[in-house]
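Heads up, run-v5.cif below (mmCIF, C-alpha atoms):
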data_model
loop_
_atom_site.label_atom_id
_atom_site.label_comp_id
_atom_site.auth_asym_id
_atom_site.auth_seq_id
_atom_site.Cartn_x
_atom_site.Cartn_y
_atom_site.Cartn_z
CA MET G 27 -1.41 164.90 302.29
CA PRO G 28 -4.68 164.13 300.46
CA CYS G 29 -8.00 164.77 302.22
CA PHE G 30 -10.51 161.96 301.84
CA LYS G 31 -13.50 163.72 303.37
CA ASP G 32 -14.48 165.25 300.06
CA GLY G 33 -13.89 164.59 296.41
CA MET G 34 -13.53 160.78 296.62
CA THR G 35 -15.85 160.19 293.66
CA ASP G 36 -12.94 159.52 291.33
CA LEU G 37 -10.61 157.87 293.84
CA SER G 38 -9.42 154.47 292.64
CA PRO G 39 -6.28 152.33 292.39
CA SER G 40 -5.56 154.12 289.10
CA SER G 41 -5.45 157.52 290.80
CA PRO G 42 -2.04 159.29 290.92
CA ILE G 43 0.09 157.88 293.71
CA ASP G 44 0.12 161.15 295.67
CA GLU G 45 -3.70 161.07 295.78
CA GLN G 46 -3.98 157.49 296.98
CA PRO G 47 -4.55 156.59 300.64
CA VAL G 48 -1.78 154.99 302.67
CA ILE G 49 -2.99 151.49 303.55
CA GLY G 50 -1.62 149.73 306.63
CA ILE G 51 -1.88 146.06 307.60
CA ILE G 52 -0.84 145.01 311.11
CA GLY G 53 -0.47 141.23 311.24
CA MET G 54 0.80 139.29 308.23
CA GLY G 55 -0.51 135.82 308.79
CA ALA G 56 -2.59 134.05 306.13
CA MET G 57 -5.35 136.70 306.11
CA GLY G 58 -2.97 139.65 306.22
CA ARG G 59 -0.97 138.29 303.31
CA MET G 60 -4.12 137.63 301.32
CA TYR G 61 -5.23 141.25 301.84
CA ALA G 62 -1.79 142.57 300.89
CA LYS G 63 -1.79 140.47 297.72
CA TYR G 64 -5.28 141.49 296.57
CA LEU G 65 -4.74 145.16 297.36
CA SER G 66 -1.41 145.12 295.54
CA THR G 67 -2.67 143.30 292.45
CA GLY G 68 -5.73 145.57 292.55
CA GLY G 69 -3.45 148.54 291.93
CA TRP G 70 -3.02 150.29 295.29
CA LYS G 71 0.52 151.64 295.47
CA LYS G 72 1.09 152.63 299.10
CA ILE G 73 0.66 149.56 301.32
CA TYR G 74 2.64 149.30 304.55
CA VAL G 75 2.67 146.04 306.47
CA CYS G 76 4.24 144.54 309.58
CA ASP G 77 4.28 141.44 311.71
CA ARG G 78 6.24 140.62 314.85
CA GLU G 79 9.64 142.30 314.74
CA GLU G 80 11.54 139.02 314.71
CA LYS G 81 9.81 138.23 311.40
CA TYR G 82 10.83 141.51 309.75
CA GLU G 83 13.63 140.23 307.49
CA GLN G 84 11.75 137.11 306.38
CA LEU G 85 8.61 139.12 305.67
CA ARG G 86 10.61 141.46 303.43
CA VAL G 87 11.71 138.44 301.41
CA ASP G 88 8.20 136.97 301.28
CA VAL G 89 6.52 140.10 299.86
CA LYS G 90 9.36 141.47 297.71
CA ASP G 91 7.45 140.65 294.51
CA LEU G 92 4.26 142.46 295.55
CA PRO G 93 4.28 145.93 293.93
CA GLY G 94 3.53 148.80 296.29
CA VAL G 95 4.02 146.75 299.48
CA THR G 96 6.57 148.02 302.02
CA VAL G 97 7.47 146.15 305.20
CA LEU G 98 7.94 148.18 308.38
CA LYS G 99 9.42 146.91 311.63
CA ASN G 100 6.42 147.30 313.90
CA GLY G 101 2.81 148.39 314.25
CA HIS G 102 3.71 151.82 315.64
CA LEU G 103 5.29 152.76 312.31
CA VAL G 104 2.37 151.36 310.32
CA ALA G 105 -0.28 153.01 312.49
CA ARG G 106 1.40 156.41 312.45
CA CYS G 107 1.61 156.74 308.65
CA SER G 108 -1.57 155.03 307.44
CA ASP G 109 -4.89 156.56 306.41
CA PHE G 110 -6.57 153.15 306.59
CA ILE G 111 -5.35 150.48 309.04
CA MET G 112 -6.40 146.83 309.01
CA TYR G 113 -5.68 144.76 312.12
CA SER G 114 -5.33 141.22 310.78
CA VAL G 115 -4.95 139.55 314.16
CA GLU G 116 -6.64 136.55 315.77
CA ALA G 117 -9.52 137.47 318.09
CA GLU G 118 -7.65 135.92 321.02
CA PHE G 119 -4.86 138.51 320.69
CA ILE G 120 -6.67 141.58 319.34
CA ASP G 121 -6.88 143.41 322.69
CA ARG G 122 -3.17 143.05 323.38
CA VAL G 123 -2.12 144.15 319.87
CA VAL G 124 -4.43 147.17 319.71
CA ALA G 125 -3.37 148.19 323.23
CA GLU G 126 0.22 148.27 322.02
CA TYR G 127 -0.16 149.99 318.66
CA GLY G 128 -3.53 151.77 318.86
CA PRO G 129 -2.25 154.92 320.62
CA SER G 130 0.10 155.54 317.66
CA THR G 131 -2.79 155.76 315.17
CA LYS G 132 -2.63 158.70 312.79
CA VAL G 133 -5.16 161.46 313.53
CA GLY G 134 -8.24 161.05 311.35
CA ALA G 135 -7.33 157.55 310.18
CA VAL G 136 -9.93 154.84 309.57
CA VAL G 137 -9.32 151.61 311.53
CA SER G 138 -10.70 148.19 310.65
CA GLY G 139 -10.28 144.60 311.82
CA GLN G 140 -10.34 141.10 310.38
CA THR G 141 -11.42 139.05 313.40
CA SER G 142 -14.08 136.42 312.86
CA VAL G 143 -15.65 137.41 316.19
CA LYS G 144 -16.34 141.12 316.41
CA ASP G 145 -17.15 141.65 320.08
CA PRO G 146 -13.52 141.40 321.31
CA GLU G 147 -12.47 143.61 318.39
CA ARG G 148 -15.08 146.25 319.23
CA GLN G 149 -14.02 146.29 322.88
CA ALA G 150 -10.34 146.60 321.94
CA PHE G 151 -10.95 149.46 319.52
CA GLU G 152 -13.18 151.38 321.92
CA LYS G 153 -10.74 150.92 324.79
CA HIS G 154 -7.41 151.62 323.09
CA LEU G 155 -7.95 153.78 319.99
CA PRO G 156 -7.81 157.59 320.29
CA ARG G 157 -11.12 159.41 319.95
CA ASP G 158 -9.88 161.29 316.89
CA VAL G 159 -9.83 158.17 314.67
CA HIS G 160 -12.71 156.39 312.96
CA ILE G 161 -13.80 152.75 313.32
CA VAL G 162 -15.22 151.15 310.17
CA SER G 163 -14.48 147.46 310.50
CA CYS G 164 -14.94 145.89 307.06
CA ILE G 165 -18.06 147.97 306.32
CA ILE G 166 -19.29 147.90 309.94
CA GLN G 167 -19.66 151.65 310.43
CA HIS G 168 -19.25 151.65 314.18
CA ARG G 169 -17.73 155.07 314.82
CA GLY G 170 -17.22 157.38 311.90
CA PRO G 171 -18.90 159.47 309.18
CA ASP G 172 -20.20 158.21 305.84
CA TRP G 173 -17.07 159.32 304.00
CA ALA G 174 -15.00 156.95 306.16
CA ARG G 175 -17.19 153.99 305.21
CA HIS G 176 -17.04 155.06 301.56
CA LEU G 177 -13.24 155.15 301.73
CA VAL G 178 -13.20 151.58 303.03
CA GLU G 179 -15.51 150.49 300.21
CA ILE G 180 -13.17 152.04 297.64
CA ILE G 181 -10.05 150.50 299.17
CA LEU G 182 -11.61 147.03 299.29
CA ALA G 183 -13.02 147.26 295.74
CA PRO G 184 -10.34 144.89 294.31
CA PHE G 185 -12.00 142.04 296.23
CA LYS G 186 -15.17 142.51 294.13
CA SER G 187 -17.24 141.58 297.18
CA HIS G 188 -20.95 142.05 297.77
CA TYR G 189 -21.22 144.46 300.70
CA VAL G 190 -23.59 143.69 303.57
CA TYR G 191 -24.06 146.45 306.14
CA LEU G 192 -24.31 145.19 309.72
CA SER G 193 -23.55 146.24 313.26
CA TYR G 194 -20.97 144.42 315.37
CA GLU G 195 -23.78 142.71 317.26
CA GLU G 196 -25.62 141.62 314.11
CA HIS G 197 -22.40 140.24 312.64
CA ASP G 198 -21.67 138.05 315.67
CA LEU G 199 -25.25 136.79 315.97
CA ILE G 200 -25.48 135.83 312.30
CA THR G 201 -22.04 134.25 312.40
CA ALA G 202 -23.04 132.15 315.40
CA ASN G 203 -26.38 131.19 313.82
CA THR G 204 -24.72 129.94 310.66
CA GLN G 205 -21.44 128.49 311.89
CA ALA G 206 -21.44 127.54 315.57
CA VAL G 207 -23.74 124.51 315.35
CA THR G 208 -22.51 123.31 311.97
CA HIS G 209 -18.88 123.48 313.09
CA ALA G 210 -19.75 121.64 316.32
CA ALA G 211 -21.49 118.92 314.30
CA PHE G 212 -18.53 118.15 312.09
CA LEU G 213 -15.86 118.67 314.74
CA SER G 214 -17.70 116.10 316.85
CA MET G 215 -17.95 113.78 313.86
CA GLY G 216 -14.18 113.81 313.36
CA THR G 217 -13.47 113.37 317.05
CA ALA G 218 -15.87 110.42 317.21
CA TRP G 219 -14.16 108.62 314.33
CA ASN G 220 -10.76 109.41 315.79
CA CYS G 221 -11.75 107.94 319.17
CA ALA G 222 -13.28 104.92 317.44
CA GLY G 223 -9.94 104.47 315.71
CA TYR G 224 -10.94 104.03 312.09
CA PHE G 225 -11.29 105.96 308.87
CA PRO G 226 -14.97 106.16 307.80
CA TRP G 227 -14.32 105.64 304.09
CA GLU G 228 -12.46 102.38 304.76
CA GLU G 229 -15.32 100.62 306.58
CA GLY G 230 -17.76 100.61 303.66
CA THR G 231 -20.46 102.45 305.63
CA TYR G 232 -19.62 106.09 304.86
CA VAL G 233 -18.80 106.01 301.16
CA ARG G 234 -22.00 106.96 299.32
CA GLY G 235 -24.08 110.04 298.65
CA ILE G 236 -24.80 112.12 301.71
CA GLU G 237 -22.09 110.24 303.64
CA THR G 238 -19.58 111.51 301.07
CA VAL G 239 -20.58 115.09 301.84
CA LYS G 240 -20.34 114.56 305.60
CA VAL G 241 -16.87 113.02 305.41
CA ASN G 242 -15.56 115.67 303.02
CA ILE G 243 -16.85 118.55 305.12
CA MET G 244 -15.35 117.03 308.26
CA LEU G 245 -11.94 116.67 306.61
CA ARG G 246 -12.15 120.15 305.11
CA ILE G 247 -12.71 121.64 308.58
CA TYR G 248 -9.86 119.71 310.20
CA SER G 249 -7.47 120.64 307.39
CA ASN G 250 -7.81 124.31 308.38
CA GLN G 251 -6.17 126.13 311.27
CA TRP G 252 -7.68 125.39 314.69
CA HIS G 253 -7.88 129.05 315.74
CA VAL G 254 -10.31 129.78 312.88
CA TYR G 255 -12.96 127.84 314.83
CA ALA G 256 -11.75 128.44 318.38
CA GLY G 257 -12.27 132.19 318.29
CA LEU G 258 -15.84 131.88 317.06
CA ALA G 259 -16.72 129.21 319.62
CA ILE G 260 -15.04 130.65 322.72
CA LEU G 261 -15.32 134.43 322.24
CA ASN G 262 -18.79 134.68 320.73
CA PRO G 263 -21.40 134.57 323.54
CA SER G 264 -24.17 133.39 321.18
CA ALA G 265 -21.98 130.56 319.93
CA LYS G 266 -21.40 129.29 323.46
CA VAL G 267 -25.14 128.99 324.04
CA GLN G 268 -25.63 127.18 320.75
CA ILE G 269 -22.79 124.70 321.27
CA HIS G 270 -24.17 123.87 324.72
CA GLN G 271 -27.60 123.23 323.21
CA PHE G 272 -26.05 121.13 320.47
CA ALA G 273 -24.56 118.77 323.06
CA GLN G 274 -27.87 118.68 324.91
CA SER G 275 -29.78 117.88 321.71
CA ALA G 276 -27.37 115.03 320.93
CA THR G 277 -27.88 113.63 324.42
CA ASP G 278 -31.68 113.93 324.33
CA LEU G 279 -31.97 112.29 320.91
CA PHE G 280 -29.62 109.49 321.87
CA LYS G 281 -31.67 108.70 324.99
CA LEU G 282 -34.72 108.23 322.78
CA MET G 283 -32.67 106.01 320.47
CA ILE G 284 -31.43 103.63 323.17
CA LYS G 285 -34.96 103.34 324.54
CA GLY G 286 -36.14 102.24 321.11
CA ASP G 287 -38.75 105.00 321.30
CA GLU G 288 -39.35 105.46 317.59
CA GLU G 289 -42.55 107.46 318.03
CA GLY G 290 -40.99 109.79 320.58
CA LEU G 291 -38.00 110.28 318.33
CA ARG G 292 -40.21 110.89 315.29
CA LYS G 293 -42.28 113.44 317.19
CA ARG G 294 -39.20 115.41 318.21
CA VAL G 295 -37.51 115.22 314.80
CA TYR G 296 -40.69 116.20 312.94
CA ARG G 297 -41.13 119.17 315.26
CA ALA G 298 -37.59 120.29 314.47
CA ARG G 299 -38.23 119.86 310.75
CA ASP G 300 -41.40 121.92 310.91
CA ILE G 301 -39.64 124.78 312.71
CA VAL G 302 -36.48 124.90 310.58
CA PHE G 303 -37.66 123.89 307.12
CA ASP G 304 -41.37 123.65 306.37
CA ASP G 305 -42.36 127.31 306.06
CA ASP G 306 -39.57 127.91 303.55
CA TYR G 307 -40.94 125.27 301.21
CA ARG G 308 -44.60 126.11 301.78
CA GLU G 309 -43.96 129.78 301.00
CA GLY G 310 -41.80 128.95 297.98
CA ILE G 311 -38.65 130.56 299.38
CA ARG G 312 -36.58 127.55 298.34
CA LYS G 313 -37.78 125.37 295.48
CA GLU G 314 -34.58 123.61 294.49
CA PRO G 315 -32.41 121.51 296.82
CA ILE G 316 -28.83 122.55 297.47
CA ILE G 317 -27.57 118.97 297.14
CA LEU G 318 -28.89 117.27 294.05
CA SER G 319 -28.60 113.48 294.02
CA GLU G 320 -26.88 110.49 295.57
CA LYS G 321 -25.59 109.42 292.16
CA MET G 322 -23.93 112.79 291.55
CA LEU G 323 -22.30 112.75 295.00
CA ASP G 324 -20.95 109.19 294.65
CA GLN G 325 -18.23 110.35 292.27
CA PHE G 326 -16.59 112.35 295.10
CA SER G 327 -16.23 109.50 297.58
CA LEU G 328 -12.79 109.16 299.16
CA ALA G 329 -13.18 105.40 298.82
CA ARG G 330 -12.58 105.83 295.10
CA THR G 331 -9.00 106.86 295.82
CA THR G 332 -8.38 103.57 297.64
CA ALA G 333 -8.59 100.00 296.45
CA GLU G 334 -12.24 99.87 297.48
CA SER G 335 -15.17 100.29 295.14
CA VAL G 336 -18.18 102.44 295.82
CA PRO G 337 -21.57 100.82 295.33
CA THR G 338 -23.83 102.92 293.16
CA SER G 339 -27.46 102.83 292.20
CA ASP G 340 -29.57 104.34 289.49
CA ASP G 341 -31.89 106.04 291.94
CA ASP G 342 -31.89 107.82 295.25
CA ALA G 343 -33.58 105.11 297.28
CA PRO G 344 -34.14 106.74 300.68
CA THR G 345 -33.57 103.56 302.66
CA ALA G 346 -30.44 102.40 300.85
CA GLY G 347 -27.59 102.10 303.35
CA SER G 348 -29.56 103.94 306.03
CA ASN G 349 -28.01 105.06 309.27
CA SER G 350 -29.26 107.21 312.11
CA HIS G 351 -27.65 110.44 310.81
CA LEU G 352 -27.44 111.51 314.45
CA ALA G 353 -25.20 114.45 313.57
CA LEU G 354 -27.77 115.91 311.18
CA LEU G 355 -30.71 115.19 313.48
CA THR G 356 -28.85 116.91 316.30
CA MET G 357 -27.94 119.93 314.19
CA VAL G 358 -31.54 120.58 313.14
CA ASP G 359 -32.93 119.82 316.62
CA CYS G 360 -30.54 122.39 318.09
CA TRP G 361 -31.62 125.03 315.57
CA ALA G 362 -35.25 124.29 316.41
CA GLU G 363 -34.72 124.48 320.18
CA LEU G 364 -33.12 127.91 319.75
CA SER G 365 -35.59 129.07 317.06
CA ILE G 366 -32.79 129.57 314.53
CA ARG G 367 -33.76 129.64 310.85
CA PRO G 368 -30.51 129.20 308.89
CA PHE G 369 -32.19 129.68 305.52
CA GLN G 370 -32.85 133.29 306.45
CA HIS G 371 -29.09 133.87 306.20
CA LEU G 372 -28.49 131.78 303.07
CA GLU G 373 -28.23 134.73 300.69
CA LEU G 374 -26.50 136.91 303.28
CA LEU G 375 -23.69 134.46 304.00
CA ALA G 376 -23.89 132.23 300.96
CA THR G 377 -20.35 130.85 301.05
CA PRO G 378 -19.92 127.46 299.37
CA ILE G 379 -19.12 125.66 302.63
CA PHE G 380 -22.18 127.22 304.31
CA ARG G 381 -24.39 126.00 301.48
CA LEU G 382 -22.98 122.51 301.91
CA LEU G 383 -23.46 122.52 305.67
CA ILE G 384 -27.10 123.45 305.36
CA GLY G 385 -27.51 121.33 302.26
CA VAL G 386 -26.67 118.04 303.95
CA ALA G 387 -29.37 118.68 306.56
CA GLU G 388 -31.85 119.82 303.92
CA TYR G 389 -31.15 116.69 301.86
CA LEU G 390 -32.22 114.47 304.75
CA PHE G 391 -35.12 116.50 306.09
CA ARG G 392 -36.89 117.47 302.88
CA ASP G 393 -37.58 113.80 302.01
CA THR G 394 -39.99 112.17 304.46
CA ALA G 395 -39.12 108.63 303.41
CA ARG G 396 -35.41 109.27 303.85
CA LEU G 397 -36.01 110.95 307.22
CA ASP G 398 -38.26 108.12 308.42
CA ALA G 399 -35.59 105.60 307.44
CA ALA G 400 -33.05 107.46 309.59
CA ILE G 401 -35.49 107.61 312.52
CA HIS G 402 -36.28 103.89 312.26
CA THR G 403 -32.59 103.02 312.03
CA ALA G 404 -31.79 105.22 315.01
CA ALA G 405 -34.36 103.47 317.18
CA HIS G 406 -33.92 99.84 316.09
CA ASP G 407 -30.69 99.19 314.18
CA PRO G 408 -27.56 98.84 316.37
CA THR G 409 -25.17 98.86 313.38
CA HIS G 410 -24.08 102.47 313.95
CA ARG G 411 -24.78 102.56 317.68
CA SER G 412 -21.12 102.47 318.70
CA ASP G 413 -20.43 105.44 316.41
CA ASP G 414 -23.40 107.28 317.89
CA VAL G 415 -22.07 106.72 321.42
CA GLU G 416 -18.74 108.19 320.40
CA TYR G 417 -20.54 111.10 318.74
CA VAL G 418 -22.51 112.06 321.85
CA ILE G 419 -19.37 111.87 323.98
CA ALA G 420 -17.50 114.01 321.45
CA ALA G 421 -20.29 116.61 321.31
CA ARG G 422 -20.35 116.94 325.09
CA GLY G 423 -16.56 117.12 325.16
CA TRP G 424 -16.49 120.01 322.69
CA SER G 425 -19.22 121.78 324.66
CA GLN G 426 -17.24 121.48 327.90
CA CYS G 427 -14.09 122.66 326.14
CA VAL G 428 -15.87 125.80 324.92
CA SER G 429 -17.50 126.43 328.31
CA PHE G 430 -14.06 126.36 329.97
CA GLY G 431 -12.93 129.12 327.60
CA SER G 432 -9.58 127.41 327.10
CA PHE G 433 -7.84 128.01 323.77
CA GLU G 434 -5.11 125.57 324.83
CA LEU G 435 -7.60 122.76 325.40
CA TYR G 436 -9.40 123.57 322.14
CA GLU G 437 -6.12 123.46 320.22
CA ARG G 438 -5.16 120.13 321.77
CA ARG G 439 -8.51 118.48 320.97
CA PHE G 440 -8.50 119.84 317.43
CA LYS G 441 -4.91 118.86 316.62
CA GLU G 442 -5.29 115.33 318.00
CA THR G 443 -8.06 114.63 315.52
CA ALA G 444 -6.42 116.59 312.69
CA THR G 445 -3.27 114.48 313.09
CA PHE G 446 -5.33 111.30 312.79
CA PHE G 447 -6.79 112.37 309.44
CA GLU G 448 -4.02 114.53 307.99
CA HIS G 449 -2.75 111.94 305.50
CA ARG G 450 -6.02 112.34 303.57
CA PHE G 451 -6.34 116.13 303.62
CA ALA G 452 -4.90 116.59 300.12
CA ASP G 453 -7.35 114.11 298.58
CA ALA G 454 -10.25 115.50 300.58
CA ASN G 455 -9.57 119.10 299.62
CA LYS G 456 -9.24 118.22 295.94
CA LEU G 457 -12.42 116.13 295.86
CA GLY G 458 -14.21 118.61 298.12
CA ALA G 459 -13.48 121.51 295.77
CA GLN G 460 -14.79 119.48 292.82
CA MET G 461 -17.90 118.52 294.79
CA ILE G 462 -18.65 122.12 295.79
CA LYS G 463 -18.26 123.21 292.16
CA ALA G 464 -20.62 120.50 290.95
CA ILE G 465 -23.22 121.26 293.62
CA LEU G 466 -23.18 125.01 293.00
CA GLU G 467 -23.37 124.53 289.25
CA GLY G 468 -26.29 122.16 289.69
CA GLU G 469 -28.01 124.59 292.04
CA GLN G 470 -27.54 127.39 289.52
CA SER G 471 -29.02 125.23 286.76
CA GLY G 472 -31.99 124.48 288.99
CA SER G 473 -32.51 128.17 289.67
CA ASN G 474 -32.44 128.92 285.97
CA ARG G 475 -35.12 126.29 285.36
CA ALA G 476 -37.38 127.60 288.11
#
Represent the structure from my file as structure tokens, please.
Amino acid sequence: MPCFKDGMTDLSPSSPIDEQPVIGIIGMGAMGRMYAKYLSTGGWKKIYVCDREEKYEQLRVDVKDLPGVTVLKNGHLVARCSDFIMYSVEAEFIDRVVAEYGPSTKVGAVVSGQTSVKDPERQAFEKHLPRDVHIVSCIIQHRGPDWARHLVEIILAPFKSHYVYLSYEEHDLITANTQAVTHAAFLSMGTAWNCAGYFPWEEGTYVRGIETVKVNIMLRIYSNQWHVYAGLAILNPSAKVQIHQFAQSATDLFKLMIKGDEEGLRKRVYRARDIVFDDDYREGIRKEPIILSEKMLDQFSLARTTAESVPTSDDDAPTAGSNSHLALLTMVDCWAELSIRPFQHLELLATPIFRLLIGVAEYLFRDTARLDAAIHTAAHDPTHRSDDVEYVIAARGWSQCVSFGSFELYERRFKETATFFEHRFADANKLGAQMIKAILEGEQSGSNRA
């Protein structure tokens, strides 16, 4: 049996098979299969995987073409033979799974997890894993020597990832700061349109520019699995606080809107802008916008895939087709109330969808004329008022759902809206991928010019 404490300088997927670590994956859902595929194609030759025992035969068929991957019947067998073990299990179930298989862990093994929320994972590992194993959860060096972290880095090298070294607590806080509010904003948007009973791209009011981004992000979120968002919202304590504040911000802003209090609304929105955005621009941290122009975004409207036409213009007139943008105002107001600065995490968690989520807010708030048009519309134009009512109700509904801690209720709310929109997921994902590519390429060009 090879010893990985010393002499790992030359360890790689091209090392002789008897010198390679035994890699174990417990849980072969979408993430587990992705890890097995990348590790296999990366050249690792001793990968042992399992899922629930009733899935054993089907799993053998599913992975038969992945070199070096062997299916075992249960997690006890995987845990007992593996030098590195990855629990690829939803956060909701991590305690139960580790309680069952953790005691079988090989002495001296390194254990990791793939949950999106790390606090339940940390508690499960500390409670159920033997003291003679190490915990290095995807570069979070929680309990183990440097060689254990280095082994994980070598094993995960085929992903070609940029490593960021955090604690469990830092991971969950940053994840909440960058995802909780943005997910709540677009989940509420979809629920509002579902309850209103119409598709936004078919009404002629959500088909241009920034509206295109909002609709595409909403559909992209609802086309994913519900548990991806439920775990973050329900099991992350910081996320719960933020989602509650998001609903409160939506309510407070809407009260100013129905009073017609434009000055009060402007005062609150400007304050939020100054907290979240201004210092970044004044200090030159961000010089180029993430989202580039209305004209560029128009080409990705879902209305183009229907019989409708999309009105275009040769400029980015801030007042053209204005609406209240309550979702974006609420998102930034919530960040401000909680003193969250999302741009601080832009390079740390610079996924394409995260750039888009922040970019839509930046696009509105960095242009005073565009922001003033939204504020004026919010206070005086009733055109979108019915949608805004639905949005506030949806935001409060999601907040209550999270506060109840019910995965069943979360799943039901999510799937009801997903079912309403599912016939357009294929178009949305295709156009959304093209839009992300165009935005990131444009952002890169802007950075090169700076």
request  = List the residues matched by the PyMOL selection byres ((chain G and resi 144) around 9) in the displayed structure as a ChimeraX atom specification, ordered by chain and then by residue number.
outcome  = /G:117,139-143,145-149,163,194-195,197-198,261-262
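Of the listed residues (G:Ala404, G:Ile120, G:Ala211, G:Cys107), G:Ala211 comes nearest to His270 of chain G; the distances count all atoms listed in the file.
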Contacts of segment 348-363 of chain G at 7 Å (all atoms listed in the file; same-chain gap of 2+ positions) as a PyMOL selection string = chain G and resi 207-208+211+271-272+275-276+295+298+301-302+345-346+365-367+387+399-401+403-404+410+414
task = Starting from the shown file, work through the PyMOL selection byres ((chain G and resi 249) around 12) and note down what comes out as a ChimeraX atom specification.
result = /G:213,216,242-248,250-255,440-441,443-456,458
request  = Report the distance between atom CA of Leu258 of chain G and atom CA of Asp88 of chain G in Å, rounded to one decimal place.
outcome  = 29.2 Å
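You will find atom CA of Leu282 of chain G at 9.6 Å from atom CA of Arg294 of chain G.
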